[in-house]
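Following: one structure in structure tokens, then a few remarks.
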Amino acid sequence: LTGKNFILDPGVKGKVTIIAPSRITVAEAYKAFLSALAINGLTLVPSGKFLKIKQAQNAIRDNIDTYAGSYAPTTDNMITRIIQLRYISAKDVVSNLSTMLNSRLGELKSYEPTNTLIISDYGSNIEHIMKILRQLDVPGFEEQLDVIRVRYAKATELAKTVDSIINKGKNSQTQGGGFTAG
């Protein structure tokens with residue numbers, strides 16, 4: 001029906017039944033096929049002109065498709081997606097969102113030198129994580145340094161006043177009017 005060539009991994013066994021109440025297109029049938037594979041812990045892995053059907057947990061280490069940038073398929077096929085973060089730490093995302101992966105099958109890693117996430121999971125699940133990341137990876141509080149010329153007060157007295165406001169009356173350990181409470 002799809003015109004695609006499949007190779008079954010020796011560990012793949014069983015039958016899947018897909019029932020549609022009305023006629024569906026080839027594209028819809030293919031999406032249903034990918035969903036049926038995913039439900040059974042299987043995925044497709046490209047291999048030249050063929051697609052290998054194999055256990056999803058083994059596919060992550062295989063030649064699954066890799067995507068970077070704004071496009072990646074949202075189907076129930078195992079893929080790897082590389083996401084460059086701008087405002088939040090990739091390391092923090094891994095520690096906080098790794099439970100959102102497809103249980104034992106997905107993998108989420110950070111590459112700290114470029115603040116990049118590497119996610120391997122079903123495309124539909126990665127899209128779910130992307131929706132969350134679009135809400136989290138936004139400009140937030142950023143430290144900023146401004147130099148303000150003082151005209152009518154002594155800079156040391158002004159620094160003490162600002163320091164007492166920032167540190168809320170706690171004894172500051174800094175010298176020269178530095179502000180420790182951020």
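Letters A, B, ... mark the chains of the structure tokens in the order given; residue numbers begin at 1 per chain; ligand numbers begin at 1, in order shown.
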Quick one: residues within 7 Å of stretch 5-16 of chain A, only C-alpha atoms counted, chain neighbours fewer than 6 positions away excluded, as a VMD selection string? chain A and resid 36 49 to 54
Restricting the output to N, CA, C and O atoms, write the selected residues as a PDB file, in the first residue's frame.
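The resulting file, out-v6.pdb, is shown below:
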```pdb
ATOM      1  N   ALA A  36       0.593   2.091  15.679  1.00  0.00           N
ATOM      2  CA  ALA A  36       0.478   0.688  16.101  1.00  0.00           C
ATOM      3  C   ALA A  36       1.850   0.129  16.477  1.00  0.00           C
ATOM      4  O   ALA A  36       1.984  -0.608  17.464  1.00  0.00           O
ATOM      5  N   LYS A  49      17.182   1.924   0.967  1.00  0.00           N
ATOM      6  CA  LYS A  49      15.832   1.929   0.405  1.00  0.00           C
ATOM      7  C   LYS A  49      14.856   1.139   1.272  1.00  0.00           C
ATOM      8  O   LYS A  49      13.700   0.959   0.903  1.00  0.00           O
ATOM      9  N   PHE A  50      15.330   0.679   2.416  1.00  0.00           N
ATOM     10  CA  PHE A  50      14.498  -0.146   3.286  1.00  0.00           C
ATOM     11  C   PHE A  50      14.222   0.556   4.610  1.00  0.00           C
ATOM     12  O   PHE A  50      14.939   1.471   5.003  1.00  0.00           O
ATOM     13  N   LEU A  51      13.214   0.090   5.295  1.00  0.00           N
ATOM     14  CA  LEU A  51      12.904   0.527   6.646  1.00  0.00           C
ATOM     15  C   LEU A  51      12.912  -0.710   7.531  1.00  0.00           C
ATOM     16  O   LEU A  51      12.170  -1.665   7.276  1.00  0.00           O
ATOM     17  N   LYS A  52      13.776  -0.690   8.548  1.00  0.00           N
ATOM     18  CA  LYS A  52      13.847  -1.813   9.481  1.00  0.00           C
ATOM     19  C   LYS A  52      12.802  -1.611  10.569  1.00  0.00           C
ATOM     20  O   LYS A  52      12.715  -0.532  11.158  1.00  0.00           O
ATOM     21  N   ILE A  53      12.013  -2.632  10.838  1.00  0.00           N
ATOM     22  CA  ILE A  53      11.081  -2.606  11.963  1.00  0.00           C
ATOM     23  C   ILE A  53      11.783  -3.310  13.108  1.00  0.00           C
ATOM     24  O   ILE A  53      12.112  -4.490  13.011  1.00  0.00           O
ATOM     25  N   LYS A  54      12.029  -2.538  14.190  1.00  0.00           N
ATOM     26  CA  LYS A  54      12.765  -3.128  15.313  1.00  0.00           C
ATOM     27  C   LYS A  54      12.286  -2.547  16.632  1.00  0.00           C
ATOM     28  O   LYS A  54      11.527  -1.581  16.665  1.00  0.00           O
TER      29      LYS A  54
END
```
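In this comparison, which uses only C-alpha atoms, the residue of A:Leu133, A:Ile24, A:Ile64, A:Leu37 approaching A:Asn96 most closely is A:Leu133.
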Near A:Leu105, within 12 Å and counting only C-alpha atoms, which residues show up once chain neighbours fewer than 2 positions away are dropped, as a PDB file with N, CA, C and O atoms, in the first residue's frame?
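Now in result-v1.pdb:
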```pdb
ATOM      1  N   ALA A  38       4.377   1.937  17.608  1.00  0.00           N
ATOM      2  CA  ALA A  38       4.764   2.609  18.858  1.00  0.00           C
ATOM      3  C   ALA A  38       4.078   1.985  20.057  1.00  0.00           C
ATOM      4  O   ALA A  38       4.701   1.792  21.114  1.00  0.00           O
ATOM      5  N   ILE A  39       2.809   1.673  19.932  1.00  0.00           N
ATOM      6  CA  ILE A  39       2.067   1.044  21.040  1.00  0.00           C
ATOM      7  C   ILE A  39       2.719  -0.269  21.448  1.00  0.00           C
ATOM      8  O   ILE A  39       2.720  -0.644  22.618  1.00  0.00           O
ATOM      9  N   ASN A  40       3.317  -0.937  20.486  1.00  0.00           N
ATOM     10  CA  ASN A  40       3.964  -2.219  20.750  1.00  0.00           C
ATOM     11  C   ASN A  40       5.467  -2.098  20.990  1.00  0.00           C
ATOM     12  O   ASN A  40       6.187  -3.091  20.960  1.00  0.00           O
ATOM     13  N   GLY A  41       5.953  -0.861  21.207  1.00  0.00           N
ATOM     14  CA  GLY A  41       7.369  -0.653  21.515  1.00  0.00           C
ATOM     15  C   GLY A  41       8.286  -0.840  20.329  1.00  0.00           C
ATOM     16  O   GLY A  41       9.457  -1.165  20.488  1.00  0.00           O
ATOM     17  N   LEU A  42       7.760  -0.618  19.131  1.00  0.00           N
ATOM     18  CA  LEU A  42       8.538  -0.787  17.910  1.00  0.00           C
ATOM     19  C   LEU A  42       8.663   0.541  17.178  1.00  0.00           C
ATOM     20  O   LEU A  42       7.918   1.478  17.438  1.00  0.00           O
ATOM     21  N   THR A  43       9.588   0.603  16.246  1.00  0.00           N
ATOM     22  CA  THR A  43       9.753   1.801  15.419  1.00  0.00           C
ATOM     23  C   THR A  43      10.391   1.411  14.103  1.00  0.00           C
ATOM     24  O   THR A  43      10.859   0.283  13.929  1.00  0.00           O
ATOM     25  N   GLN A  55      12.743  -3.117  17.722  1.00  0.00           N
ATOM     26  CA  GLN A  55      12.395  -2.640  19.052  1.00  0.00           C
ATOM     27  C   GLN A  55      12.897  -1.205  19.209  1.00  0.00           C
ATOM     28  O   GLN A  55      14.044  -0.905  18.890  1.00  0.00           O
ATOM     29  N   ALA A  56      12.034  -0.327  19.714  1.00  0.00           N
ATOM     30  CA  ALA A  56      12.391   1.085  19.850  1.00  0.00           C
ATOM     31  C   ALA A  56      13.578   1.282  20.785  1.00  0.00           C
ATOM     32  O   ALA A  56      14.413   2.158  20.560  1.00  0.00           O
ATOM     33  N   GLN A  57      13.672   0.487  21.830  1.00  0.00           N
ATOM     34  CA  GLN A  57      14.775   0.649  22.776  1.00  0.00           C
ATOM     35  C   GLN A  57      16.120   0.365  22.119  1.00  0.00           C
ATOM     36  O   GLN A  57      17.137   0.917  22.525  1.00  0.00           O
ATOM     37  N   ASN A  58      16.144  -0.459  21.085  1.00  0.00           N
ATOM     38  CA  ASN A  58      17.382  -0.733  20.356  1.00  0.00           C
ATOM     39  C   ASN A  58      17.617   0.281  19.243  1.00  0.00           C
ATOM     40  O   ASN A  58      18.734   0.450  18.778  1.00  0.00           O
ATOM     41  N   ALA A  59      16.573   0.964  18.807  1.00  0.00           N
ATOM     42  CA  ALA A  59      16.671   1.875  17.671  1.00  0.00           C
ATOM     43  C   ALA A  59      17.424   3.156  18.007  1.00  0.00           C
ATOM     44  O   ALA A  59      18.019   3.773  17.124  1.00  0.00           O
ATOM     45  N   ILE A  60      17.398   3.593  19.268  1.00  0.00           N
ATOM     46  CA  ILE A  60      18.074   4.841  19.646  1.00  0.00           C
ATOM     47  C   ILE A  60      19.553   4.780  19.293  1.00  0.00           C
ATOM     48  O   ILE A  60      20.144   5.763  18.885  1.00  0.00           O
ATOM     49  N   ARG A  61      20.158   3.644  19.412  1.00  0.00           N
ATOM     50  CA  ARG A  61      21.582   3.490  19.111  1.00  0.00           C
ATOM     51  C   ARG A  61      21.820   3.214  17.623  1.00  0.00           C
ATOM     52  O   ARG A  61      22.934   3.054  17.184  1.00  0.00           O
ATOM     53  N   ASN A  77       7.126   7.869  15.224  1.00  0.00           N
ATOM     54  CA  ASN A  77       8.337   7.193  14.800  1.00  0.00           C
ATOM     55  C   ASN A  77       9.484   7.735  15.643  1.00  0.00           C
ATOM     56  O   ASN A  77       9.516   8.920  15.977  1.00  0.00           O
ATOM     57  N   MET A  78      10.438   6.888  15.985  1.00  0.00           N
ATOM     58  CA  MET A  78      11.570   7.269  16.818  1.00  0.00           C
ATOM     59  C   MET A  78      12.518   8.159  16.012  1.00  0.00           C
ATOM     60  O   MET A  78      12.923   7.817  14.910  1.00  0.00           O
ATOM     61  N   ILE A  79      12.832   9.345  16.579  1.00  0.00           N
ATOM     62  CA  ILE A  79      13.760  10.290  15.946  1.00  0.00           C
ATOM     63  C   ILE A  79      14.681  10.880  17.013  1.00  0.00           C
ATOM     64  O   ILE A  79      14.440  10.721  18.202  1.00  0.00           O
ATOM     65  N   SER A  98      13.307  15.081  32.214  1.00  0.00           N
ATOM     66  CA  SER A  98      13.619  13.736  31.735  1.00  0.00           C
ATOM     67  C   SER A  98      12.493  12.743  32.012  1.00  0.00           C
ATOM     68  O   SER A  98      12.342  11.756  31.290  1.00  0.00           O
ATOM     69  N   THR A  99      11.674  13.000  33.012  1.00  0.00           N
ATOM     70  CA  THR A  99      10.554  12.089  33.302  1.00  0.00           C
ATOM     71  C   THR A  99       9.447  12.194  32.258  1.00  0.00           C
ATOM     72  O   THR A  99       8.576  11.336  32.214  1.00  0.00           O
ATOM     73  N   MET A 100       9.484  13.211  31.408  1.00  0.00           N
ATOM     74  CA  MET A 100       8.450  13.377  30.393  1.00  0.00           C
ATOM     75  C   MET A 100       8.714  12.534  29.159  1.00  0.00           C
ATOM     76  O   MET A 100       7.872  12.448  28.275  1.00  0.00           O
ATOM     77  N   LEU A 101       9.877  11.911  29.092  1.00  0.00           N
ATOM     78  CA  LEU A 101      10.176  11.048  27.962  1.00  0.00           C
ATOM     79  C   LEU A 101       9.309   9.798  28.027  1.00  0.00           C
ATOM     80  O   LEU A 101       8.752   9.452  29.061  1.00  0.00           O
ATOM     81  N   ASN A 102       9.242   9.107  26.904  1.00  0.00           N
ATOM     82  CA  ASN A 102       8.443   7.895  26.811  1.00  0.00           C
ATOM     83  C   ASN A 102       9.089   6.793  27.652  1.00  0.00           C
ATOM     84  O   ASN A 102       9.750   5.911  27.120  1.00  0.00           O
ATOM     85  N   SER A 103       8.903   6.887  28.958  1.00  0.00           N
ATOM     86  CA  SER A 103       9.413   5.942  29.961  1.00  0.00           C
ATOM     87  C   SER A 103      10.801   5.416  29.638  1.00  0.00           C
ATOM     88  O   SER A 103      11.754   6.164  29.591  1.00  0.00           O
ATOM     89  N   GLU A 107      15.400   9.181  25.421  1.00  0.00           N
ATOM     90  CA  GLU A 107      16.674   9.592  26.004  1.00  0.00           C
ATOM     91  C   GLU A 107      16.817  11.101  25.858  1.00  0.00           C
ATOM     92  O   GLU A 107      16.553  11.647  24.786  1.00  0.00           O
ATOM     93  N   LEU A 108      17.220  11.759  26.924  1.00  0.00           N
ATOM     94  CA  LEU A 108      17.390  13.206  26.933  1.00  0.00           C
ATOM     95  C   LEU A 108      18.765  13.522  27.499  1.00  0.00           C
ATOM     96  O   LEU A 108      19.079  13.130  28.610  1.00  0.00           O
ATOM     97  N   ILE A 119      17.467  15.021  22.150  1.00  0.00           N
ATOM     98  CA  ILE A 119      16.343  14.187  22.587  1.00  0.00           C
ATOM     99  C   ILE A 119      16.120  13.092  21.557  1.00  0.00           C
ATOM    100  O   ILE A 119      15.981  13.363  20.362  1.00  0.00           O
ATOM    101  N   SER A 120      16.057  11.850  22.014  1.00  0.00           N
ATOM    102  CA  SER A 120      15.673  10.723  21.169  1.00  0.00           C
ATOM    103  C   SER A 120      14.416  10.124  21.765  1.00  0.00           C
ATOM    104  O   SER A 120      14.409   9.705  22.928  1.00  0.00           O
ATOM    105  N   ASP A 121      13.353  10.101  20.981  1.00  0.00           N
ATOM    106  CA  ASP A 121      12.065   9.582  21.436  1.00  0.00           C
ATOM    107  C   ASP A 121      11.146   9.553  20.226  1.00  0.00           C
ATOM    108  O   ASP A 121      11.557   9.894  19.118  1.00  0.00           O
ATOM    109  N   TYR A 122       9.903   9.173  20.443  1.00  0.00           N
ATOM    110  CA  TYR A 122       8.932   9.252  19.363  1.00  0.00           C
ATOM    111  C   TYR A 122       8.694  10.721  19.036  1.00  0.00           C
ATOM    112  O   TYR A 122       8.648  11.577  19.922  1.00  0.00           O
ATOM    113  N   ASN A 125       6.056  12.595  20.993  1.00  0.00           N
ATOM    114  CA  ASN A 125       6.417  12.924  22.364  1.00  0.00           C
ATOM    115  C   ASN A 125       7.416  14.080  22.410  1.00  0.00           C
ATOM    116  O   ASN A 125       7.344  14.939  23.290  1.00  0.00           O
TER     117      ASN A 125
END
```
Members of stretch 73-151 of chain A assigned alpha helix (DSSP H) by DSSP, as a PyMOL selection string: chain A and resi 90-97+123-136
Using the chain letters and numbers from this document, which residues of stretch 68-179 of chain A does DSSP assign to strand (DSSP E), as a list in words?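 Assigned to strand (DSSP E), within stretch 68-179 of chain A: Ala68, Met78, Ile79, Thr80, Arg81, Ile82, Ile83, Gln84, Glu107, Leu108, Lys109, Ser110, Tyr111, Thr116, Leu117, Ile118, Ile119, Ser120, Asp121 and Tyr122 of chain A.
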Interatomic distance, atom CA of A:Lys91 to atom CA of A:Glu112 (Å, one decimal): 6.8 Å
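The coordinates place atom CA of A:Met130 at 12.0 Å from atom CA of A:Pro73.
One finds atom CA of A:Arg104 at 20.2 Å from atom CA of A:Asp92.
Compared by their closest atoms to A:Thr80, and using only C-alpha atoms, the residues A:Lys31, A:Arg23, A:Lys109, A:Lys168 rank with A:Lys109 nearest.
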Got a sec: who's within 9 Å of stretch 17-22 of chain A, counting only C-alpha atoms, leaving out chain neighbours fewer than 5 positions off, as a list in words?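 Surrounding residues, per the criterion: Ala29, Ala32, Phe33 and Ala36 of chain A.
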Store the residues of this selection in a file with all heavy atoms, as a PDB file, in the first residue's frame.
```pdb
ATOM      1  N   ALA A  29      -3.237   5.877   6.762  1.00  0.00           N
ATOM      2  CA  ALA A  29      -2.949   4.473   7.082  1.00  0.00           C
ATOM      3  C   ALA A  29      -1.513   4.319   7.583  1.00  0.00           C
ATOM      4  O   ALA A  29      -1.245   3.571   8.532  1.00  0.00           O
ATOM      5  CB  ALA A  29      -3.189   3.590   5.859  1.00  0.00           C
ATOM      6  N   ALA A  32      -1.301   5.549  11.108  1.00  0.00           N
ATOM      7  CA  ALA A  32      -1.892   4.540  11.991  1.00  0.00           C
ATOM      8  C   ALA A  32      -0.927   3.370  12.184  1.00  0.00           C
ATOM      9  O   ALA A  32      -0.794   2.835  13.291  1.00  0.00           O
ATOM     10  CB  ALA A  32      -3.218   4.057  11.427  1.00  0.00           C
ATOM     11  N   PHE A  33      -0.222   2.998  11.126  1.00  0.00           N
ATOM     12  CA  PHE A  33       0.774   1.933  11.192  1.00  0.00           C
ATOM     13  C   PHE A  33       1.899   2.304  12.159  1.00  0.00           C
ATOM     14  O   PHE A  33       2.296   1.506  13.022  1.00  0.00           O
ATOM     15  CB  PHE A  33       1.315   1.679   9.781  1.00  0.00           C
ATOM     16  CG  PHE A  33       2.477   0.727   9.711  1.00  0.00           C
ATOM     17  CD1 PHE A  33       2.342  -0.598  10.078  1.00  0.00           C
ATOM     18  CD2 PHE A  33       3.713   1.162   9.250  1.00  0.00           C
ATOM     19  CE1 PHE A  33       3.418  -1.480  10.003  1.00  0.00           C
ATOM     20  CE2 PHE A  33       4.782   0.303   9.171  1.00  0.00           C
ATOM     21  CZ  PHE A  33       4.645  -1.023   9.542  1.00  0.00           C
ATOM     22  N   ALA A  36       0.593   2.091  15.679  1.00  0.00           N
ATOM     23  CA  ALA A  36       0.478   0.688  16.101  1.00  0.00           C
ATOM     24  C   ALA A  36       1.850   0.129  16.477  1.00  0.00           C
ATOM     25  O   ALA A  36       1.984  -0.608  17.464  1.00  0.00           O
ATOM     26  CB  ALA A  36      -0.163  -0.141  14.997  1.00  0.00           C
TER      27      ALA A  36
END
```
